[in-house]
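To start, the structure itself, in structure tokens.
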Amino acid sequence: MTPILEIDSLSKHFGGVKAINNFTVNVNKNQIYGLIGPNGAGKTTIFNTITGIYKPTTGTIKFENQEISNKAPHQIASLGIGRTFQNIRLFTKLSVIQNVYIASQGSAKYGLVEAITRLGRFSRNERQIREESYQLLELLGLADICDKQAGSLPYAHQRRLEIARCLALKPRLILLDEPAAGTNPEESKELVDFILEIHEKFGLTILMIEHHMDVVMRLCDYITVLNFGEAICHGSPAEVKQNPSVIDAYLGKED
Amino acid sequence: MSGYYQGLLILVCINIIAVLGVSILTGFTRLFSFGNAGFMSIGAYTAAILSSNFHVPFLLSILAGAVLAAFIAFLLGKLTLNLQGDYFLIATLGFGESVRVLFNYIVPVTGGAQGFSGISVIPGNQLLTVAIITIVCIAIAWNIISSKFGRNIMAIREDEMAARAVGINTATYKNFAFTTSGFFAGIAGGLWAHYFTFISPLMFNLDKSAEMTIVVVIGGLGSLTGSIIASILVTVLPEILRAASEYRMLAYGIAVVLIINLWPSGLMGYKEFSFSWFRTLWVSTKTLVRKIGAK
């Protein structure tokens, strides 16, 4: 088991608020790792710290043995960490395929002069972006709606598109922030199949935040439970489910 | 063509070029600037000084003005683009006014408030020259927005956080949009100087900056063709309604309030003008006529 993401004694304080406190986690290659915990436990803050939106107060984050906590969000994305957001953040006025173009064009090497004159690498790079993006959408069952405006899609499709866009980065690790939020049981079942499918097809490692316990139980190999910014237990889904401190965190303690 | 109409068309072209830059900045990146007249001013004075004092040829003087305006935009962007939206706007406003006041003061170089006169006229057929430059500028702007550069700035407009999460260096691309807007404003300023052969700092005041932003809003954010159509309208209408042209800014204000409230996407928001619309219109009219005929 080789770790792909190593978070070591990470803390993030906002003034006096300890949003994350001394948090340590290792995510292994190819794992689907769940991060659960009550609202306000600091899960999204962890995502934002991994992706460089926040700088950690103390602690280190290593991705593929490389320290990333001092890097900017776009650098971390280019290194191979994709993410989705709790409240879907698509480029709503643009078409479905343009959303994917934007994520996949990091590999396009043409410069401004080539773009203006349409010479050099421009046509070749653009064709490659188009083909790759279309193939990706085809693979994910979104090809038939590729010209629709992203903001006009039904909710479940928007979720899927957001994942598709993050896959266009060709990431090795993706962070999913409550992918099943706002879906009905039918849709969340489809979503689980979808995530399992991309996990296998793309050989991904997935770190996810989720509240739907049925989704977590079906998907995750390993879980960390977070409460008030601290990890209160680690383990397989079955172990975590029976852990008394988890039950306390979710349901409150008996006096 | 009479001199009057030719002059009007040249003015339309110059305004289109300046607005192209603002369209990329405001319509495609959603950064608002009230200082782009300052870049026009820099372009105009650079072209004027180079051609009058150093006998630099027409095209080269304009290009030099544009490059200098773009460079100043780049530096200003470096300093101010990390500010949040409204603060950036205020910084650009301050910049535009500073340029005006500065050019008022350095009398030996710019002629101060008296203006700078005796600039060489546009060589050859004036309208043809300006039209060709305008078409080249439109092509450049169009190719920028339909390349990865354009898509990256649109991503910033749509959602900056998501743009970063897909690997876009938003600081770089925002400054790219700002620098580009400075470049186009510089070209427009240079043409302005050579067309009027006289410039004064007051020509490039806050009104001019505001007008360009208003044109982009009227034309519809995120539409290059919308911006072009709107700048034609906004240049030509005050000429037709000459008697009322003093109330131009009032009319713009009312138009913007109405558009933002009733028609937020503007003339062409997020769509580009296409001739296939006429075909669709023609086909649907034909079917309609046939339907009525059948009844």
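Scheme for the structure tokens: letters A, B, ... for chains in order shown; per-chain residue numbers from 1; ligand numbers from 1 in order shown.
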
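What chain A places within 6 Å of chain B, counting only C-alpha atoms, is Pro73, His74, Ala77, Ser78, Phe91, Ala103 and Ile116 of chain A.
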
Written selection (N, CA and C atoms) as a PDB file, in the first residue's frame:
ATOM      1  N   PRO A  73      -3.728  27.105  -5.397  1.00  0.00           N
ATOM      2  CA  PRO A  73      -4.749  26.160  -5.854  1.00  0.00           C
ATOM      3  C   PRO A  73      -4.539  25.652  -7.286  1.00  0.00           C
ATOM      4  N   HIS A  74      -4.173  26.575  -8.206  1.00  0.00           N
ATOM      5  CA  HIS A  74      -4.051  26.109  -9.595  1.00  0.00           C
ATOM      6  C   HIS A  74      -2.850  25.184  -9.776  1.00  0.00           C
ATOM      7  N   ALA A  77      -3.968  21.784  -8.496  1.00  0.00           N
ATOM      8  CA  ALA A  77      -4.831  21.148  -9.499  1.00  0.00           C
ATOM      9  C   ALA A  77      -3.985  20.555 -10.621  1.00  0.00           C
ATOM     10  N   SER A  78      -2.973  21.312 -11.062  1.00  0.00           N
ATOM     11  CA  SER A  78      -2.148  20.822 -12.168  1.00  0.00           C
ATOM     12  C   SER A  78      -1.296  19.623 -11.768  1.00  0.00           C
ATOM     13  N   PHE A  91     -19.298  26.253 -14.619  1.00  0.00           N
ATOM     14  CA  PHE A  91     -19.272  27.491 -15.402  1.00  0.00           C
ATOM     15  C   PHE A  91     -20.635  27.570 -16.087  1.00  0.00           C
ATOM     16  N   ALA A 103     -11.102  22.521 -18.339  1.00  0.00           N
ATOM     17  CA  ALA A 103     -10.284  21.709 -17.441  1.00  0.00           C
ATOM     18  C   ALA A 103      -9.214  20.935 -18.201  1.00  0.00           C
ATOM     19  N   ILE A 116      -3.795  33.950 -31.857  1.00  0.00           N
ATOM     20  CA  ILE A 116      -4.295  35.077 -32.646  1.00  0.00           C
ATOM     21  C   ILE A 116      -4.164  34.787 -34.142  1.00  0.00           C
TER      22      ILE A 116
END

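If you count only C-alpha atoms and ignore residues fewer than 4 places along the chain from range 255-268 of chain B, what sits within 7 Å of it is Ile214, Val217, Ile218, Gly219, Gly220, Leu221, Ser223, Gly226, Ala251 and Glu272 of chain B.
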
Would you save the residues from that selection as a tab-separated table (two decimals), in the first residue's frame, using C-alpha atoms?
chain	number	residue	atom	x	y	z
B	214	ILE	CA	-21.90	51.21	-20.51
B	217	VAL	CA	-23.39	46.40	-20.68
B	218	ILE	CA	-25.89	47.58	-23.32
B	219	GLY	CA	-24.43	45.19	-25.89
B	220	GLY	CA	-24.64	42.32	-23.45
B	221	LEU	CA	-21.87	40.92	-21.26
B	223	SER	CA	-20.77	38.99	-26.42
B	226	GLY	CA	-23.04	42.66	-28.96
B	251	ALA	CA	-29.69	58.77	-21.81
B	272	GLU	CA	-22.75	36.00	-30.67

Surrounding residues of Pro185 in chain A excluding itself and chain neighbours under 2 positions, 12 Å, only C-alpha atoms, as an mmCIF file with C-alpha atoms, in the first residue's frame:
data_model
loop_
_atom_site.group_PDB
_atom_site.id
_atom_site.type_symbol
_atom_site.label_atom_id
_atom_site.label_comp_id
_atom_site.auth_asym_id
_atom_site.auth_seq_id
_atom_site.Cartn_x
_atom_site.Cartn_y
_atom_site.Cartn_z
ATOM 1 C CA ALA A 156 -28.055 15.171 -11.025
ATOM 2 C CA ALA A 180 -24.826 12.816 -2.976
ATOM 3 C CA ALA A 181 -26.150 15.993 -1.354
ATOM 4 C CA GLY A 182 -29.629 16.817 -2.555
ATOM 5 C CA THR A 183 -30.177 13.601 -4.459
ATOM 6 C CA GLU A 187 -30.281 9.149 -7.862
ATOM 7 C CA SER A 188 -27.853 8.473 -5.046
ATOM 8 C CA LYS A 189 -27.798 4.799 -6.020
ATOM 9 C CA GLU A 190 -26.950 5.800 -9.597
ATOM 10 C CA LEU A 191 -24.288 8.121 -8.264
ATOM 11 C CA VAL A 192 -22.648 5.331 -6.282
ATOM 12 C CA HIS A 212 -25.596 9.806 3.266
ATOM 13 C CA MET A 213 -24.511 6.785 5.289
ATOM 14 C CA ASP A 214 -25.760 4.294 2.709
ATOM 15 C CA VAL A 215 -23.514 5.931 0.110
#

Problem - Test item: residues at most 12 Å from Leu191 in chain B, only C-alpha atoms, excluding those fewer than 6 positions along its chain, as a count of residues only - result: 45

Exercise for the section: May I have all residues of range 133-172 of chain A that DSSP, computed from the backbone, assigns to alpha helix (DSSP H), given as a ChimeraX atom specification? Expected result: /A:133-139,155-167

Selection export as a compact mmCIF listing (two decimals), in the first residue's frame, atoms kept: N, CA and C atoms:
# COMPACT_ATOMS: atom_id res chain seq x y z
N SER A 133 -12.14 15.84 -24.81
CA SER A 133 -13.29 16.24 -24.03
C SER A 133 -14.52 15.46 -24.45
N TYR A 134 -14.68 15.30 -25.77
CA TYR A 134 -15.85 14.58 -26.24
C TYR A 134 -15.79 13.12 -25.82
N GLN A 135 -14.60 12.55 -25.92
CA GLN A 135 -14.45 11.15 -25.49
C GLN A 135 -14.81 10.98 -24.02
N LEU A 136 -14.35 11.92 -23.22
CA LEU A 136 -14.63 11.85 -21.78
C LEU A 136 -16.13 11.91 -21.53
N LEU A 137 -16.81 12.85 -22.20
CA LEU A 137 -18.25 12.99 -22.01
C LEU A 137 -18.98 11.74 -22.48
N GLU A 138 -18.48 11.15 -23.57
CA GLU A 138 -19.09 9.94 -24.09
C GLU A 138 -18.98 8.82 -23.05
N LEU A 139 -17.78 8.73 -22.47
CA LEU A 139 -17.51 7.70 -21.48
C LEU A 139 -18.42 7.86 -20.26
N TYR A 155 -30.25 18.81 -11.75
CA TYR A 155 -29.28 18.75 -10.66
C TYR A 155 -28.33 17.54 -10.76
N ALA A 156 -28.89 16.38 -11.01
CA ALA A 156 -28.06 15.17 -11.03
C ALA A 156 -27.02 15.24 -12.14
N HIS A 157 -27.43 15.81 -13.29
CA HIS A 157 -26.49 15.96 -14.40
C HIS A 157 -25.40 16.97 -14.07
N GLN A 158 -25.79 18.02 -13.33
CA GLN A 158 -24.78 19.02 -12.95
C GLN A 158 -23.72 18.38 -12.06
N ARG A 159 -24.16 17.53 -11.13
CA ARG A 159 -23.21 16.81 -10.28
C ARG A 159 -22.23 16.01 -11.12
N ARG A 160 -22.82 15.28 -12.08
CA ARG A 160 -22.01 14.43 -12.95
C ARG A 160 -21.03 15.26 -13.76
N LEU A 161 -21.52 16.38 -14.27
CA LEU A 161 -20.67 17.23 -15.09
C LEU A 161 -19.51 17.77 -14.26
N GLU A 162 -19.81 18.11 -13.00
CA GLU A 162 -18.74 18.64 -12.17
C GLU A 162 -17.65 17.58 -11.97
N ILE A 163 -18.08 16.34 -11.82
CA ILE A 163 -17.09 15.25 -11.69
C ILE A 163 -16.36 15.07 -13.02
N ALA A 164 -17.11 15.15 -14.13
CA ALA A 164 -16.48 15.01 -15.45
C ALA A 164 -15.42 16.08 -15.65
N ARG A 165 -15.78 17.32 -15.27
CA ARG A 165 -14.84 18.42 -15.44
C ARG A 165 -13.57 18.17 -14.63
N CYS A 166 -13.75 17.63 -13.43
CA CYS A 166 -12.56 17.40 -12.61
C CYS A 166 -11.74 16.23 -13.16
N LEU A 167 -12.41 15.27 -13.84
CA LEU A 167 -11.64 14.17 -14.46
C LEU A 167 -10.85 14.64 -15.67

Exercise for the section: Name the residues of range 16-241 of chain A that come out as strand (DSSP E) in a backbone DSSP run; write them as a ChimeraX atom specification. Expected result: /A:17-28,32-36,58-63,66-67,81-83,173-177,205-209,222-227,230-235

Kindly export the residues of the current selection with N, CA and C atoms, as a short mmCIF file (atom, residue, chain, number, x, y, z; two decimals), in the first residue's frame.
data_model
loop_
_atom_site.label_atom_id
_atom_site.label_comp_id
_atom_site.auth_asym_id
_atom_site.auth_seq_id
_atom_site.Cartn_x
_atom_site.Cartn_y
_atom_site.Cartn_z
N VAL A 17 -10.81 30.19 16.52
CA VAL A 17 -11.55 28.99 16.17
C VAL A 17 -10.61 27.95 15.59
N LYS A 18 -10.59 26.77 16.22
CA LYS A 18 -9.74 25.70 15.70
C LYS A 18 -10.56 24.84 14.76
N ALA A 19 -10.58 25.23 13.48
CA ALA A 19 -11.40 24.52 12.50
C ALA A 19 -10.89 23.11 12.27
N ILE A 20 -9.55 22.96 12.23
CA ILE A 20 -8.94 21.63 12.17
C ILE A 20 -7.85 21.63 13.23
N ASN A 21 -7.78 20.55 13.96
CA ASN A 21 -6.80 20.49 15.04
C ASN A 21 -6.05 19.18 15.01
N ASN A 22 -4.76 19.28 14.70
CA ASN A 22 -3.88 18.12 14.78
C ASN A 22 -4.45 16.90 14.07
N PHE A 23 -4.72 17.09 12.78
CA PHE A 23 -5.40 16.06 12.00
C PHE A 23 -4.38 15.30 11.17
N THR A 24 -4.37 13.97 11.32
CA THR A 24 -3.42 13.14 10.58
C THR A 24 -4.17 12.06 9.82
N VAL A 25 -3.87 11.95 8.54
CA VAL A 25 -4.54 10.93 7.73
C VAL A 25 -3.63 10.52 6.59
N ASN A 26 -3.63 9.24 6.25
CA ASN A 26 -2.92 8.76 5.07
C ASN A 26 -3.93 8.12 4.13
N VAL A 27 -3.95 8.60 2.92
CA VAL A 27 -4.83 7.98 1.94
C VAL A 27 -3.97 7.17 0.99
N ASN A 28 -4.30 5.88 0.85
CA ASN A 28 -3.49 5.02 -0.01
C ASN A 28 -3.99 5.06 -1.44
N ILE A 32 -10.90 4.35 -1.75
CA ILE A 32 -11.99 5.32 -1.65
C ILE A 32 -12.13 5.61 -0.17
N TYR A 33 -11.73 6.80 0.20
CA TYR A 33 -11.59 7.15 1.60
C TYR A 33 -12.71 8.10 1.98
N GLY A 34 -13.42 7.80 3.05
CA GLY A 34 -14.54 8.65 3.46
C GLY A 34 -14.17 9.54 4.63
N LEU A 35 -14.69 10.77 4.56
CA LEU A 35 -14.48 11.70 5.66
C LEU A 35 -15.88 12.08 6.12
N ILE A 36 -16.24 11.64 7.32
CA ILE A 36 -17.59 11.96 7.78
C ILE A 36 -17.54 12.69 9.11
N THR A 58 -0.48 24.93 11.03
CA THR A 58 0.71 24.07 11.21
C THR A 58 0.44 22.75 10.51
N GLY A 59 1.49 21.95 10.35
CA GLY A 59 1.32 20.64 9.74
C GLY A 59 1.71 20.62 8.28
N THR A 60 1.77 19.41 7.74
CA THR A 60 2.20 19.26 6.35
C THR A 60 1.20 18.42 5.57
N ILE A 61 1.14 18.68 4.27
CA ILE A 61 0.32 17.88 3.37
C ILE A 61 1.22 17.44 2.23
N LYS A 62 1.33 16.13 2.05
CA LYS A 62 2.17 15.64 0.96
C LYS A 62 1.32 14.88 -0.03
N PHE A 63 1.52 15.20 -1.33
CA PHE A 63 0.84 14.47 -2.39
C PHE A 63 1.92 13.81 -3.23
N GLN A 66 5.30 14.83 -2.34
CA GLN A 66 5.70 16.21 -2.58
C GLN A 66 4.88 17.11 -1.66
N GLU A 67 5.58 18.00 -0.96
CA GLU A 67 4.89 18.93 -0.06
C GLU A 67 4.06 19.90 -0.89
N ILE A 81 -4.61 16.86 -8.49
CA ILE A 81 -5.69 16.73 -7.50
C ILE A 81 -6.90 17.49 -8.03
N GLY A 82 -7.95 16.75 -8.35
CA GLY A 82 -9.19 17.39 -8.81
C GLY A 82 -10.16 17.46 -7.66
N ARG A 83 -11.15 18.36 -7.75
CA ARG A 83 -12.12 18.41 -6.67
C ARG A 83 -13.48 18.84 -7.19
N LEU A 173 -5.86 11.92 -7.88
CA LEU A 173 -6.66 11.95 -6.65
C LEU A 173 -7.81 12.91 -6.88
N ILE A 174 -9.02 12.48 -6.54
CA ILE A 174 -10.10 13.47 -6.59
C ILE A 174 -10.77 13.59 -5.23
N LEU A 175 -11.16 14.80 -4.91
CA LEU A 175 -11.83 15.10 -3.66
C LEU A 175 -13.28 15.42 -3.98
N LEU A 176 -14.19 14.62 -3.47
CA LEU A 176 -15.61 14.85 -3.73
C LEU A 176 -16.26 15.38 -2.46
N ASP A 177 -16.81 16.59 -2.56
CA ASP A 177 -17.42 17.20 -1.38
C ASP A 177 -18.94 17.00 -1.43
N THR A 205 -7.78 7.55 -7.01
CA THR A 205 -7.93 7.52 -5.56
C THR A 205 -8.97 8.59 -5.22
N ILE A 206 -9.88 8.26 -4.36
CA ILE A 206 -10.96 9.19 -4.06
C ILE A 206 -11.01 9.48 -2.56
N LEU A 207 -11.06 10.75 -2.25
CA LEU A 207 -11.31 11.15 -0.86
C LEU A 207 -12.63 11.89 -0.88
N MET A 208 -13.60 11.42 -0.10
CA MET A 208 -14.90 12.05 -0.18
C MET A 208 -15.50 12.39 1.16
N ILE A 209 -16.26 13.50 1.15
CA ILE A 209 -17.06 13.89 2.30
C ILE A 209 -18.48 13.47 1.97
N TYR A 222 -12.38 2.87 3.74
CA TYR A 222 -11.84 3.30 5.01
C TYR A 222 -12.45 4.64 5.35
N ILE A 223 -12.67 4.89 6.63
CA ILE A 223 -13.36 6.11 7.02
C ILE A 223 -12.64 6.79 8.17
N THR A 224 -12.64 8.11 8.15
CA THR A 224 -12.23 8.87 9.32
C THR A 224 -13.41 9.71 9.76
N VAL A 225 -13.69 9.67 11.05
CA VAL A 225 -14.78 10.48 11.57
C VAL A 225 -14.19 11.70 12.26
N LEU A 226 -14.79 12.85 11.93
CA LEU A 226 -14.27 14.11 12.40
C LEU A 226 -15.32 14.76 13.29
N ASN A 227 -14.87 15.35 14.40
CA ASN A 227 -15.79 16.14 15.20
C ASN A 227 -15.02 17.32 15.81
N GLU A 230 -11.34 17.55 15.03
CA GLU A 230 -10.40 16.49 15.39
C GLU A 230 -10.92 15.15 14.92
N ALA A 231 -9.98 14.29 14.52
CA ALA A 231 -10.36 12.94 14.13
C ALA A 231 -10.70 12.16 15.40
N ILE A 232 -11.93 11.61 15.44
CA ILE A 232 -12.28 10.87 16.66
C ILE A 232 -12.19 9.37 16.46
N CYS A 233 -12.21 8.91 15.20
CA CYS A 233 -11.94 7.49 15.00
C CYS A 233 -11.67 7.17 13.55
N HIS A 234 -10.89 6.13 13.31
CA HIS A 234 -10.61 5.65 11.96
C HIS A 234 -11.08 4.21 11.88
N GLY A 235 -11.32 3.74 10.67
CA GLY A 235 -11.63 2.32 10.54
C GLY A 235 -12.43 2.01 9.31
#

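The smallest atom-to-atom distance between Gly115 in chain B and any of B:Phe196, B:Phe183, B:Trp277, B:Phe34, using only C-alpha atoms, is found for B:Phe196.
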
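As for CA of Val236 in chain B and CA of Leu206 in chain B, they are spaced 20.5 Å apart.
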
Exercise for the section: Select, from B:Gly77, B:Val56, B:Ile292, B:Lys271, the residue with the minimum atom-to-atom distance to Tyr173 in chain B, counting only C-alpha atoms. Expected result: B:Gly77

Exercise for the section: Compile the contact shell of range 78-86 of chain B as an NGL selection string: residues with an atom at most 8 Å away, counting only C-alpha atoms, same-chain residues fewer than 4 positions apart removed. Expected result: :B and (31-32 or 74 or 90-91 or 171 or 174-175)

Fill in the blank from the handout: Correct to one decimal, the distance CA of Phe194 in chain A-CA of Ser104 in chain A is 20.5 Å

Practice task
Report the distance between CA of Phe14 in chain A and CA of Asn70 in chain A in Å, rounded to one decimal place.
Solution key: 17.6 Å
